[in-house]
file my_file_16.csv (CSV, C-alpha atoms)
chain,number,residue,atom,x,y,z
J,1,MET,CA,16.6,23.7,7.0
J,2,ASN,CA,12.9,23.5,6.2
J,3,ASP,CA,10.8,25.7,8.4
J,4,ARG,CA,7.5,23.8,8.1
J,5,ARG,CA,7.2,20.4,9.6
J,6,ALA,CA,5.0,17.4,9.0
J,7,PHE,CA,4.4,14.3,11.2
J,8,LEU,CA,3.2,11.1,9.4
J,9,TYR,CA,1.9,8.0,11.2
J,10,VAL,CA,1.5,4.6,9.5
J,11,GLN,CA,0.7,1.1,10.9
J,12,HIS,CA,1.0,-2.0,8.7
J,13,LEU,CA,-0.3,-5.2,10.1
J,14,LEU,CA,0.0,-7.9,7.5
J,15,GLY,CA,1.7,-6.8,4.2
J,16,ILE,CA,4.0,-3.8,3.7
J,17,GLY,CA,1.9,-1.9,1.3
J,18,HIS,CA,0.7,0.7,3.8
J,19,LEU,CA,4.3,1.5,4.8
J,20,LYS,CA,5.6,1.6,1.2
J,21,ARG,CA,2.9,4.1,0.3
J,22,ALA,CA,3.6,6.2,3.4
J,23,VAL,CA,7.3,6.3,2.5
J,24,THR,CA,6.5,7.5,-1.0
J,25,LEU,CA,4.3,10.2,0.4
J,26,ALA,CA,6.9,11.2,3.0
J,27,ARG,CA,9.6,11.5,0.4
J,28,ALA,CA,7.4,13.6,-1.8
J,29,ALA,CA,6.6,15.9,1.2
J,30,VAL,CA,10.4,16.4,1.7
J,31,ALA,CA,10.8,17.3,-2.0
J,32,ALA,CA,8.0,19.8,-1.6
J,33,GLY,CA,10.0,21.6,1.1
J,34,LEU,CA,8.7,20.1,4.4
J,35,GLU,CA,10.7,18.6,7.3
J,36,VAL,CA,9.1,15.2,7.7
J,37,THR,CA,9.0,12.7,10.5
J,38,LEU,CA,7.5,9.3,9.7
J,39,ALA,CA,6.5,7.1,12.6
J,40,SER,CA,6.0,3.5,11.7
J,41,GLY,CA,4.2,1.0,14.0
J,42,GLY,CA,4.6,-2.2,12.0
J,43,LEU,CA,7.3,-4.8,12.0
J,44,PRO,CA,10.6,-3.3,10.8
J,45,VAL,CA,11.3,-3.2,7.1
J,46,PRO,CA,14.9,-2.1,6.8
J,47,ALA,CA,14.9,-1.5,3.1
J,48,LEU,CA,11.9,0.9,3.3
J,49,ALA,CA,13.3,2.6,6.4
J,50,ALA,CA,16.6,3.2,4.4
J,51,ASP,CA,14.6,4.4,1.4
J,52,ALA,CA,12.8,6.9,3.7
J,53,ASN,CA,16.1,8.1,5.2
J,54,LEU,CA,17.7,8.5,1.8
J,55,GLY,CA,14.8,10.7,0.8
J,56,GLY,CA,15.5,13.0,3.7
J,57,VAL,CA,12.8,11.6,6.0
J,58,ARG,CA,13.3,11.2,9.7
J,59,PHE,CA,12.1,7.6,10.2
J,60,VAL,CA,10.9,6.6,13.7
J,61,GLN,CA,10.4,2.9,14.4
J,62,LEU,CA,7.8,2.5,17.2
J,63,PRO,CA,7.6,-0.7,19.2
J,64,PRO,CA,6.3,-3.0,16.5
J,65,ALA,CA,2.9,-4.7,16.2
J,66,SER,CA,1.5,-7.1,13.6
J,67,ALA,CA,-1.8,-9.0,13.1
J,68,ALA,CA,-2.1,-12.5,14.4
J,69,ASP,CA,-4.3,-13.6,11.5
J,70,LEU,CA,-6.5,-12.3,8.7
J,71,THR,CA,-9.2,-11.2,11.2
J,72,PHE,CA,-6.9,-8.4,12.4
J,73,ARG,CA,-8.5,-8.7,15.9
J,74,THR,CA,-5.4,-9.7,17.8
J,75,LEU,CA,-2.2,-7.7,17.9
J,76,LEU,CA,1.2,-9.3,18.4
J,77,ASP,CA,4.3,-7.5,19.7
J,78,GLY,CA,7.7,-7.8,18.1
J,79,ASN,CA,8.3,-11.1,19.7
J,80,GLY,CA,5.0,-12.6,18.4
J,81,ARG,CA,3.2,-12.4,21.7
J,82,PRO,CA,-0.3,-10.9,22.2
J,83,VAL,CA,0.1,-7.3,23.4
J,84,ASP,CA,-1.0,-6.3,26.9
J,85,ASP,CA,-1.8,-3.1,28.7
J,86,GLU,CA,1.8,-2.4,29.6
J,87,TRP,CA,2.9,-2.8,25.9
J,88,ARG,CA,0.1,-0.4,24.9
J,89,ARG,CA,1.2,2.1,27.5
J,90,VAL,CA,4.8,2.0,26.3
J,91,ARG,CA,3.8,2.2,22.7
J,92,ARG,CA,1.4,5.2,23.4
J,93,GLU,CA,4.2,7.1,25.2
J,94,ALA,CA,6.6,6.4,22.3
J,95,LEU,CA,4.2,7.8,19.8
J,96,LEU,CA,3.4,10.8,21.8
J,97,SER,CA,7.1,11.4,22.4
J,98,ALA,CA,7.8,11.2,18.7
J,99,TRP,CA,5.0,13.7,17.9
J,100,ARG,CA,6.2,16.1,20.6
J,101,LEU,CA,9.8,16.0,19.3
J,102,ALA,CA,8.7,16.6,15.8
J,103,GLU,CA,6.7,19.8,16.7
J,104,PRO,CA,4.7,19.5,13.5
J,105,ASP,CA,2.6,22.1,11.7
J,106,VAL,CA,0.6,19.3,10.2
J,107,MET,CA,-0.1,15.7,11.3
J,108,VAL,CA,-1.2,13.0,8.9
J,109,LEU,CA,-2.6,9.7,10.1
J,110,GLU,CA,-2.7,6.9,7.5
J,111,LEU,CA,-6.1,5.2,7.3
J,112,PHE,CA,-7.5,6.1,10.8
J,113,PRO,CA,-10.4,6.7,11.5
J,114,PHE,CA,-11.6,4.8,8.4
J,115,GLY,CA,-9.6,1.8,9.7
J,116,ARG,CA,-7.0,0.7,12.3
J,117,ARG,CA,-9.5,0.8,15.1
J,118,GLN,CA,-7.1,-1.6,16.9
J,119,MET,CA,-4.9,1.4,17.4
J,120,ARG,CA,-7.4,3.7,19.1
J,121,PHE,CA,-5.5,3.2,22.4
J,122,GLU,CA,-2.8,5.4,21.0
J,123,LEU,CA,-4.4,7.4,18.2
J,124,LEU,CA,-7.2,8.9,20.3
J,125,PRO,CA,-4.8,10.3,22.9
J,126,LEU,CA,-2.6,11.6,20.1
J,127,LEU,CA,-5.5,13.3,18.4
J,128,GLU,CA,-6.6,14.8,21.7
J,129,ALA,CA,-3.1,16.0,22.5
J,130,ALA,CA,-2.7,17.6,19.1
J,131,ALA,CA,-6.2,19.2,19.1
J,132,SER,CA,-5.6,20.7,22.6
J,133,ALA,CA,-2.0,21.9,22.0
J,134,VAL,CA,-1.3,25.6,22.3
J,135,ARG,CA,0.0,25.4,18.7
J,136,ARG,CA,-2.5,23.1,17.2
J,137,PRO,CA,-1.3,21.4,14.0
J,138,ALA,CA,-3.5,20.9,11.0
J,139,ILE,CA,-4.7,17.3,11.0
J,140,ALA,CA,-5.3,15.1,8.0
J,141,CYS,CA,-6.1,11.5,7.2
J,142,SER,CA,-4.3,9.7,4.3
J,143,VAL,CA,-6.6,6.9,3.0
J,144,ARG,CA,-6.7,4.7,-0.1
J,145,ASP,CA,-9.5,5.0,-2.7
J,146,VAL,CA,-11.1,1.8,-1.5
J,147,LEU,CA,-11.8,0.7,2.0
J,148,GLY,CA,-12.1,-2.9,3.2
J,149,SER,CA,-15.3,-4.7,4.0
J,150,GLN,CA,-18.4,-2.5,4.4
J,151,LYS,CA,-18.8,-1.0,7.9
J,152,SER,CA,-22.0,-1.0,9.9
J,153,PRO,CA,-24.0,2.2,10.2
J,154,GLU,CA,-22.7,2.5,13.8
J,155,ARG,CA,-19.1,2.2,12.7
J,156,GLN,CA,-19.7,4.7,9.9
J,157,GLU,CA,-21.2,7.2,12.4
J,158,GLU,CA,-18.3,6.7,14.7
J,159,THR,CA,-15.9,7.4,11.9
J,160,LEU,CA,-17.8,10.5,10.7
J,161,ALA,CA,-17.9,11.9,14.3
J,162,LEU,CA,-14.1,11.5,14.6
J,163,VAL,CA,-13.5,13.2,11.2
J,164,GLU,CA,-15.7,16.1,12.2
J,165,ARG,CA,-14.1,16.5,15.6
J,166,TYR,CA,-10.5,16.3,14.7
J,167,PHE,CA,-9.7,16.3,11.0
J,168,ASP,CA,-9.2,19.3,8.7
J,169,ARG,CA,-8.7,17.2,5.5
J,170,VAL,CA,-9.2,13.7,4.2
J,171,LEU,CA,-6.7,13.0,1.5
J,172,VAL,CA,-8.2,10.2,-0.7
J,173,HIS,CA,-5.4,8.6,-2.7
J,174,GLY,CA,-7.4,7.8,-5.8
J,175,ASP,CA,-9.2,9.1,-8.9
J,176,PRO,CA,-13.0,9.7,-8.5
J,177,GLY,CA,-13.3,9.1,-12.3
J,178,VAL,CA,-12.2,5.5,-11.5
J,179,ILE,CA,-13.6,4.8,-8.1
J,180,ALA,CA,-15.4,7.4,-5.9
J,181,PHE,CA,-14.8,7.2,-2.2
J,182,ASP,CA,-18.5,6.8,-1.4
J,183,ARG,CA,-18.4,3.5,-3.3
J,184,THR,CA,-17.0,1.9,-0.1
J,185,PHE,CA,-17.8,4.6,2.4
J,186,PRO,CA,-21.4,5.7,1.8
J,187,GLY,CA,-21.2,8.5,4.5
J,188,ALA,CA,-18.7,10.4,2.4
J,189,GLY,CA,-21.2,13.0,1.4
J,190,ARG,CA,-21.5,14.3,4.9
J,191,ILE,CA,-17.7,15.2,5.0
J,192,ALA,CA,-17.5,16.1,1.3
J,193,ALA,CA,-16.0,19.6,2.1
J,194,ARG,CA,-13.1,17.9,3.8
J,195,ILE,CA,-12.4,15.3,1.2
J,196,GLU,CA,-9.7,16.0,-1.4
J,197,TYR,CA,-8.9,13.4,-4.1
J,198,THR,CA,-5.1,13.4,-4.8
J,199,GLY,CA,-4.8,10.8,-7.5
J,200,TYR,CA,-3.0,7.5,-6.9
J,201,VAL,CA,0.2,7.6,-4.8
J,202,VAL,CA,2.9,5.7,-6.5
J,203,ASP,CA,6.6,6.3,-7.2
J,204,GLU,CA,7.0,8.1,-10.5
J,205,ALA,CA,7.3,5.8,-13.4
J,206,LYS,CA,10.8,6.0,-14.9
J,207,PRO,CA,12.3,4.5,-18.1
J,208,ALA,CA,13.9,1.1,-17.5
J,209,ASP,CA,17.3,1.3,-16.0
J,210,GLY,CA,19.1,-1.5,-17.8
J,211,ASP,CA,17.9,-4.7,-19.4
J,212,ALA,CA,16.8,-6.6,-16.2
J,213,GLY,CA,13.6,-8.5,-16.9
J,214,ARG,CA,13.7,-7.9,-20.7
J,215,ASP,CA,11.0,-9.9,-22.4
J,216,GLU,CA,10.5,-12.0,-19.2
J,217,VAL,CA,7.3,-12.9,-17.4
J,218,ILE,CA,7.5,-11.4,-13.9
J,219,VAL,CA,5.5,-13.2,-11.3
J,220,SER,CA,5.2,-11.4,-7.9
J,221,ALA,CA,3.2,-11.5,-4.7
J,222,GLY,CA,4.2,-8.3,-2.9
J,223,GLY,CA,5.7,-9.0,0.5
J,224,GLY,CA,4.7,-12.6,0.1
J,225,ALA,CA,2.8,-13.2,3.3
J,226,VAL,CA,-0.3,-14.4,1.5
J,227,GLY,CA,0.9,-15.1,-2.0
J,228,ALA,CA,2.0,-18.8,-2.1
J,229,GLY,CA,-1.1,-20.0,-4.0
J,230,LEU,CA,-0.6,-17.5,-6.8
J,231,LEU,CA,3.1,-18.3,-7.2
J,232,GLU,CA,2.4,-22.0,-7.3
J,233,ALA,CA,-0.4,-21.7,-9.8
J,234,ALA,CA,1.8,-19.5,-12.1
J,235,ILE,CA,4.7,-22.0,-12.1
J,236,ARG,CA,2.3,-24.8,-13.0
J,237,ALA,CA,0.6,-22.6,-15.7
J,238,LYS,CA,3.8,-21.8,-17.6
J,239,PRO,CA,3.8,-24.8,-20.0
J,240,MET,CA,0.2,-24.1,-20.9
J,241,THR,CA,0.7,-20.5,-22.1
J,242,VAL,CA,1.9,-18.8,-25.3
J,243,LEU,CA,4.8,-17.5,-23.3
J,244,ARG,CA,6.1,-20.9,-22.2
J,245,ASP,CA,9.4,-20.3,-24.0
J,246,ARG,CA,10.2,-17.0,-22.1
J,247,LYS,CA,12.1,-16.9,-18.9
J,248,TRP,CA,9.7,-16.6,-15.9
J,249,ARG,CA,11.1,-14.7,-12.9
J,250,VAL,CA,9.1,-15.6,-9.8
J,251,LEU,CA,9.5,-13.1,-6.9
J,252,ALA,CA,8.3,-14.8,-3.7
J,253,GLY,CA,8.6,-11.8,-1.3
J,254,ASN,CA,10.6,-11.7,2.0
J,255,ASN,CA,7.6,-12.5,4.1
J,256,LEU,CA,6.8,-15.8,2.5
J,257,PRO,CA,7.5,-18.5,5.1
J,258,ASP,CA,10.7,-20.5,4.4
J,259,GLU,CA,8.7,-23.8,4.2
J,260,GLU,CA,6.6,-22.4,1.5
J,261,PHE,CA,9.6,-20.9,-0.3
J,262,GLN,CA,11.3,-24.3,-0.3
J,263,LYS,CA,8.2,-25.9,-1.7
J,264,LEU,CA,8.2,-23.4,-4.6
J,265,ALA,CA,11.9,-24.0,-5.1
J,266,ARG,CA,11.3,-27.7,-5.6
J,267,LEU,CA,8.5,-27.0,-8.0
J,268,ALA,CA,10.5,-24.5,-10.0
J,269,ALA,CA,13.5,-26.9,-10.1
J,270,GLY,CA,11.3,-29.4,-12.0
J,271,ALA,CA,10.3,-26.8,-14.6
J,272,ASN,CA,12.2,-25.2,-17.5
J,273,GLY,CA,13.1,-21.5,-17.6
J,274,ILE,CA,11.9,-20.4,-14.1
J,275,GLU,CA,14.1,-18.4,-11.8
J,276,LEU,CA,12.9,-18.1,-8.2
J,277,GLU,CA,14.0,-15.2,-6.0
J,278,ARG,CA,12.8,-13.6,-2.8
J,279,SER,CA,12.6,-10.0,-4.0
J,280,ARG,CA,14.3,-7.5,-6.3
J,281,PRO,CA,15.2,-3.8,-5.6
J,282,ASP,CA,14.8,-3.1,-9.3
J,283,PHE,CA,11.1,-4.3,-9.5
J,284,THR,CA,10.0,-1.2,-11.4
J,285,THR,CA,12.7,-1.9,-14.0
J,286,LEU,CA,11.5,-5.4,-14.4
J,287,LEU,CA,8.0,-4.2,-14.9
J,288,ALA,CA,9.1,-1.7,-17.6
J,289,ASN,CA,11.0,-4.4,-19.5
J,290,CYS,CA,8.8,-7.4,-19.1
J,291,ALA,CA,6.7,-9.2,-21.6
J,292,LEU,CA,4.0,-9.6,-19.0
J,293,SER,CA,3.4,-9.2,-15.2
J,294,VAL,CA,1.5,-11.7,-13.1
J,295,SER,CA,0.8,-10.5,-9.5
J,296,GLN,CA,-1.7,-9.9,-6.7
J,297,ALA,CA,-3.5,-6.7,-6.9
J,298,GLY,CA,-2.3,-4.7,-3.9
J,299,TYR,CA,-2.5,-0.9,-4.3
J,300,ASN,CA,1.2,-0.4,-4.8
J,301,THR,CA,1.9,-3.3,-7.1
J,302,LEU,CA,-1.2,-2.5,-9.2
J,303,LEU,CA,-0.3,1.1,-9.7
J,304,GLU,CA,3.4,0.4,-10.4
J,305,THR,CA,2.3,-2.1,-13.0
J,306,VAL,CA,-0.1,0.3,-14.7
J,307,GLY,CA,2.5,3.1,-14.4
J,308,ALA,CA,5.0,1.0,-16.2
J,309,GLY,CA,2.6,0.3,-19.0
J,310,ALA,CA,3.1,-3.5,-18.5
J,311,ARG,CA,0.7,-6.1,-19.9
J,312,ALA,CA,-0.7,-7.7,-16.7
J,313,VAL,CA,-2.8,-10.4,-15.1
J,314,VAL,CA,-3.8,-9.8,-11.5
J,315,VAL,CA,-5.3,-12.1,-8.9
J,316,PRO,CA,-6.7,-10.0,-6.1
J,317,PHE,CA,-6.3,-11.2,-2.5
J,318,ALA,CA,-9.8,-12.0,-1.2
J,319,ALA,CA,-9.3,-14.2,1.9
J,320,GLY,CA,-10.8,-13.1,5.2
J,321,HIS,CA,-13.7,-11.3,3.6
J,322,GLU,CA,-11.3,-8.8,1.9
J,323,THR,CA,-12.9,-6.9,-0.9
J,324,GLU,CA,-10.5,-3.9,-1.5
J,325,GLN,CA,-8.2,-5.5,-4.1
J,326,THR,CA,-11.0,-7.2,-6.0
J,327,LEU,CA,-13.1,-4.0,-6.4
J,328,ARG,CA,-10.1,-1.9,-7.6
J,329,ALA,CA,-8.9,-4.7,-9.9
J,330,ARG,CA,-12.4,-5.0,-11.5
J,331,CYS,CA,-12.5,-1.3,-12.2
J,332,PHE,CA,-9.0,-1.3,-13.8
J,333,ALA,CA,-9.9,-4.4,-15.8
J,334,GLY,CA,-13.0,-2.6,-17.0
J,335,ARG,CA,-10.8,0.1,-18.4
J,336,GLY,CA,-8.8,-2.5,-20.3
J,337,LEU,CA,-5.7,-1.9,-18.2
J,338,LEU,CA,-5.3,-5.6,-17.2
J,339,GLU,CA,-6.7,-9.1,-17.1
J,340,MET,CA,-8.1,-10.4,-13.8
J,341,VAL,CA,-8.6,-13.8,-12.3
J,342,GLU,CA,-10.8,-14.0,-9.2
J,343,GLU,CA,-8.9,-15.7,-6.3
J,344,SER,CA,-11.8,-18.2,-5.9
J,345,ALA,CA,-11.2,-19.2,-9.6
J,346,LEU,CA,-7.4,-19.4,-9.4
J,347,ALA,CA,-6.0,-22.6,-11.0
J,348,PRO,CA,-3.2,-23.1,-13.5
J,349,GLN,CA,-5.7,-23.4,-16.3
J,350,THR,CA,-7.6,-20.2,-15.6
J,351,LEU,CA,-4.4,-18.3,-15.0
J,352,ALA,CA,-2.9,-19.6,-18.2
J,353,ALA,CA,-6.0,-18.5,-20.2
J,354,ALA,CA,-5.8,-15.0,-18.7
J,355,ILE,CA,-2.0,-14.8,-19.5
J,356,ASP,CA,-2.7,-15.7,-23.1
J,357,ARG,CA,-5.4,-13.0,-23.4
J,358,ALA,CA,-3.1,-10.3,-21.9
J,359,ALA,CA,-0.1,-11.4,-24.0
J,360,GLN,CA,-2.1,-10.6,-27.2
J,361,LYS,CA,-2.8,-7.0,-26.2
J,362,PRO,CA,-0.6,-4.0,-26.7
J,363,ARG,CA,1.2,-2.4,-23.8
J,364,VAL,CA,-1.3,-0.3,-21.8
J,365,SER,CA,-1.4,3.5,-21.7
J,366,PRO,CA,-2.0,4.7,-18.1
J,367,GLY,CA,-2.8,8.2,-19.2
J,368,SER,CA,-6.5,8.0,-18.3
J,369,ILE,CA,-5.7,7.6,-14.6
J,370,ASN,CA,-4.2,10.2,-12.3
J,371,LEU,CA,-0.9,8.8,-11.0
J,372,ASP,CA,0.4,12.1,-9.5
J,373,GLY,CA,-0.9,11.4,-6.0
J,374,ALA,CA,2.4,11.7,-4.2
J,375,GLN,CA,3.2,15.1,-5.5
J,376,ARG,CA,-0.4,16.4,-5.1
J,377,SER,CA,-0.7,15.0,-1.6
J,378,ALA,CA,2.6,16.7,-0.7
J,379,ALA,CA,1.4,20.0,-2.0
J,380,SER,CA,-1.8,19.6,0.0
J,381,ILE,CA,0.2,18.9,3.2
J,382,MET,CA,2.3,21.9,2.5
J,383,ARG,CA,-0.8,24.1,2.1
J,384,LEU,CA,-2.2,22.8,5.4
J,385,SER,CA,1.1,23.6,7.1
J,386,MET,CA,1.1,27.1,5.7
J,387,GLU,CA,-2.4,27.7,7.0
J,388,LYS,CA,-1.2,26.9,10.5
J,389,THR,CA,1.9,29.0,10.3
J,390,SER,CA,0.5,32.1,8.5
call {"tool": "encode", "arguments": {"input": "my_file_16.csv", "output": "structure tokens"}}
result
Amino acid sequence: MNDRRAFLYVQHLLGIGHLKRAVTLARAAVAAGLEVTLASGGLPVPALAADANLGGVRFVQLPPASAADLTFRTLLDGNGRPVDDEWRRVRREALLSAWRLAEPDVMVLELFPFGRRQMRFELLPLLEAAASAVRRPAIACSVRDVLGSQKSPERQEETLALVERYFDRVLVHGDPGVIAFDRTFPGAGRIAARIEYTGYVVDEAKPADGDAGRDEVIVSAGGGAVGAGLLEAAIRAKPMTVLRDRKWRVLAGNNLPDEEFQKLARLAAGANGIELERSRPDFTTLLANCALSVSQAGYNTLLETVGAGARAVVVPFAAGHETEQTLRARCFAGRGLLEMVEESALAPQTLAAAIDRAAQKPRVSPGSINLDGAQRSAASIMRLSMEKTS
């Protein structure tokens, strides 16, 4: 039985990337010797919950919430209805109960206070309860290298004040040699003493387990909630590319609406050498074996692709004033790690041209980027827990 305990909180609202990264981090923390509880507030993702449990993590599913649209302003409950004050009360009590039951030495909140302001109704009470506890846990924020759209000076000041009041550490899951945190959070200098760069959090790259995806073109869109345009453009681009004679495996994602999936199925049926699926549990094996990957540029997919050394073309998600994927993809493209097509320029012709450029390159070497973020973050969480129990 581990004698040091960590409590992690994550809220995914649209895709599943935040939850996937939190599960990777939680499993690494267990491997480092911590007893870990992971509380998830998004819609259930059974495969990721099972992955967490298999890794020794105690997974707690809170009453789920999702975003109504790309503005993220309206929260919906598990039945698709706007949340009300009673739902917030029940959710807040569920989170506080999970925290109390865990009795953690260290508490890690994913993204907040740099994001997830919609969840202040539960996170501010949680922070206050932790800070005023007789046995106060260490408190850390787990945040990506790149934040979303630039925040106003007032919002930055609010964030900084919360960090200074409650947080012992800000774990930035990135490499400052690639993208420094102040690139998207100018106030970072004021809390520099609390910031720790961990490297990128991604499951450890492993040799391909079998021949799945061998010499194929793998087209993917993460969970699929916003990837239909990319998948359609890729199917239409196939006959225009130097890889037209390869098998193209198109992974639509489990969150792509069925109407969109059926539209893609009809399009794929009229093409040669295209296999359409929802998702694959062996995605990293496909990446390790493939001739080329075409995908969006979400944090997890991008890092898994680079970690596998795959030739790649990415189309960053940029709707709703989103800038996070585009900035990271540009930085990676500048290092020669991938080819990029701006979402605004996405068309079968532009995608085909990028695929041809990427296909002529050797497989990439990810050695210039720190991909040990899960292990280093876990070590930092363990150190924080020891500081509170020494």
call {"tool": "closest_residue", "arguments": {"input": "my_file_16.csv", "among": "J:Glu322, J:Lys247, J:Pro46, J:Pro125", "to": "Leu70 in chain J", "atoms": "only C-alpha atoms"}}
result
J:Glu322
call {"tool": "residues_around", "arguments": {"input": "my_file_16.csv", "residues": "Val217 in chain J", "least_positions_apart": "3", "cutoff": "12 Å", "atoms": "only C-alpha atoms", "output": "PyMOL selection string"}}
result
chain J and resi 212-214+220+234-235+237-238+241-251+273-276+286-295+310-313+355-356+358-359
call {"tool": "write_last_selection", "arguments": {"input": "my_file_16.csv", "atoms": "C-alpha atoms", "output": "JSON list (two decimals), in the coordinates of the input"}}
result
[["chain", "number", "residue", "atom", "x", "y", "z"],
["J", 212, "ALA", "CA", 16.80, -6.60, -16.20],
["J", 213, "GLY", "CA", 13.60, -8.50, -16.90],
["J", 214, "ARG", "CA", 13.70, -7.90, -20.70],
["J", 220, "SER", "CA", 5.20, -11.40, -7.90],
["J", 234, "ALA", "CA", 1.80, -19.50, -12.10],
["J", 235, "ILE", "CA", 4.70, -22.00, -12.10],
["J", 237, "ALA", "CA", 0.60, -22.60, -15.70],
["J", 238, "LYS", "CA", 3.80, -21.80, -17.60],
["J", 241, "THR", "CA", 0.70, -20.50, -22.10],
["J", 242, "VAL", "CA", 1.90, -18.80, -25.30],
["J", 243, "LEU", "CA", 4.80, -17.50, -23.30],
["J", 244, "ARG", "CA", 6.10, -20.90, -22.20],
["J", 245, "ASP", "CA", 9.40, -20.30, -24.00],
["J", 246, "ARG", "CA", 10.20, -17.00, -22.10],
["J", 247, "LYS", "CA", 12.10, -16.90, -18.90],
["J", 248, "TRP", "CA", 9.70, -16.60, -15.90],
["J", 249, "ARG", "CA", 11.10, -14.70, -12.90],
["J", 250, "VAL", "CA", 9.10, -15.60, -9.80],
["J", 251, "LEU", "CA", 9.50, -13.10, -6.90],
["J", 273, "GLY", "CA", 13.10, -21.50, -17.60],
["J", 274, "ILE", "CA", 11.90, -20.40, -14.10],
["J", 275, "GLU", "CA", 14.10, -18.40, -11.80],
["J", 276, "LEU", "CA", 12.90, -18.10, -8.20],
["J", 286, "LEU", "CA", 11.50, -5.40, -14.40],
["J", 287, "LEU", "CA", 8.00, -4.20, -14.90],
["J", 288, "ALA", "CA", 9.10, -1.70, -17.60],
["J", 289, "ASN", "CA", 11.00, -4.40, -19.50],
["J", 290, "CYS", "CA", 8.80, -7.40, -19.10],
["J", 291, "ALA", "CA", 6.70, -9.20, -21.60],
["J", 292, "LEU", "CA", 4.00, -9.60, -19.00],
["J", 293, "SER", "CA", 3.40, -9.20, -15.20],
["J", 294, "VAL", "CA", 1.50, -11.70, -13.10],
["J", 295, "SER", "CA", 0.80, -10.50, -9.50],
["J", 310, "ALA", "CA", 3.10, -3.50, -18.50],
["J", 311, "ARG", "CA", 0.70, -6.10, -19.90],
["J", 312, "ALA", "CA", -0.70, -7.70, -16.70],
["J", 313, "VAL", "CA", -2.80, -10.40, -15.10],
["J", 355, "ILE", "CA", -2.00, -14.80, -19.50],
["J", 356, "ASP", "CA", -2.70, -15.70, -23.10],
["J", 358, "ALA", "CA", -3.10, -10.30, -21.90],
["J", 359, "ALA", "CA", -0.10, -11.40, -24.00]]
call {"tool": "residues_around", "arguments": {"input": "my_file_16.csv", "residues": "Ala354 in chain J", "least_positions_apart": "6", "cutoff": "9 Å", "atoms": "only C-alpha atoms", "output": "list in words"}}
result
Val313, Glu339, Met340 and Val341 of chain J
call {"tool": "closest_residue", "arguments": {"input": "my_file_16.csv", "among": "J:Thr198, J:Ser368, J:Gln375, J:Ser344", "to": "Ala319 in chain J", "atoms": "all atoms listed in the file"}}
result
J:Ser344
call {"tool": "atom_distance", "arguments": {"input": "my_file_16.csv", "atom1": "CA of Leu43 in chain J", "atom2": "CA of Ala26 in chain J"}}
result
18.4 Å
call {"tool": "closest_atom_pairs", "arguments": {"input": "my_file_16.csv", "of": "range 107-154 of chain J", "to": "range 82-99 of chain J", "cutoff": "12 Å", "atoms": "all atoms listed in the file", "output": "Markdown table"}}
result
| residue | atom | partner | partner_atom | distance |
| --- | --- | --- | --- | --- |
| J:Met107 | CA | J:Trp99 | CA | 8.6 |
| J:Val108 | CA | J:Trp99 | CA | 11.0 |
| J:Leu109 | CA | J:Trp99 | CA | 11.6 |
| J:Gln118 | CA | J:Arg88 | CA | 10.8 |
| J:Met119 | CA | J:Arg88 | CA | 9.2 |
| J:Arg120 | CA | J:Arg92 | CA | 9.9 |
| J:Phe121 | CA | J:Arg88 | CA | 7.1 |
| J:Glu122 | CA | J:Arg92 | CA | 4.8 |
| J:Leu123 | CA | J:Arg92 | CA | 8.1 |
| J:Leu124 | CA | J:Arg92 | CA | 9.9 |
| J:Pro125 | CA | J:Arg92 | CA | 8.0 |
| J:Leu126 | CA | J:Leu96 | CA | 6.3 |
| J:Leu127 | CA | J:Leu96 | CA | 9.8 |
| J:Glu128 | CA | J:Leu96 | CA | 10.8 |
| J:Ala129 | CA | J:Leu96 | CA | 8.4 |
| J:Ala130 | CA | J:Trp99 | CA | 8.7 |
| J:Ala133 | CA | J:Trp99 | CA | 11.5 |
| J:Pro137 | CA | J:Trp99 | CA | 10.7 |
call {"tool": "atom_distance", "arguments": {"input": "my_file_16.csv", "atom1": "CA of Phe59 in chain J", "atom2": "CA of Ala32 in chain J"}}
result
17.5 Å
call {"tool": "closest_residue", "arguments": {"input": "my_file_16.csv", "among": "J:Arg169, J:Arg27, J:Arg116, J:Lys361", "to": "Gly56 in chain J", "atoms": "only C-alpha atoms"}}
result
J:Arg27
call {"tool": "decode", "arguments": {"input": "my_file_16.csv", "residues": "range 233-239 of chain J", "atoms": "N, CA and C atoms", "output": "mmCIF file, in the first residue's frame"}}
result
data_model
loop_
_atom_site.group_PDB
_atom_site.id
_atom_site.type_symbol
_atom_site.label_atom_id
_atom_site.label_comp_id
_atom_site.auth_asym_id
_atom_site.auth_seq_id
_atom_site.Cartn_x
_atom_site.Cartn_y
_atom_site.Cartn_z
ATOM 1 N N ALA J 233 -11.633 15.697 -46.622
ATOM 2 C CA ALA J 233 -10.592 16.220 -47.507
ATOM 3 C C ALA J 233 -9.530 15.165 -47.779
ATOM 4 N N ALA J 234 -9.197 14.357 -46.762
ATOM 5 C CA ALA J 234 -8.178 13.323 -46.945
ATOM 6 C C ALA J 234 -8.646 12.248 -47.919
ATOM 7 N N ILE J 235 -9.891 11.824 -47.783
ATOM 8 C CA ILE J 235 -10.415 10.810 -48.702
ATOM 9 C C ILE J 235 -10.387 11.327 -50.138
ATOM 10 N N ARG J 236 -10.778 12.586 -50.315
ATOM 11 C CA ARG J 236 -10.783 13.166 -51.669
ATOM 12 C C ARG J 236 -9.363 13.410 -52.184
ATOM 13 N N ALA J 237 -8.405 13.594 -51.263
ATOM 14 C CA ALA J 237 -7.028 13.883 -51.677
ATOM 15 C C ALA J 237 -6.277 12.639 -52.132
ATOM 16 N N LYS J 238 -6.695 11.467 -51.695
ATOM 17 C CA LYS J 238 -5.932 10.231 -51.947
ATOM 18 C C LYS J 238 -5.482 10.061 -53.391
ATOM 19 N N PRO J 239 -6.380 10.159 -54.382
ATOM 20 C CA PRO J 239 -5.932 9.907 -55.767
ATOM 21 C C PRO J 239 -4.977 10.960 -56.321
#
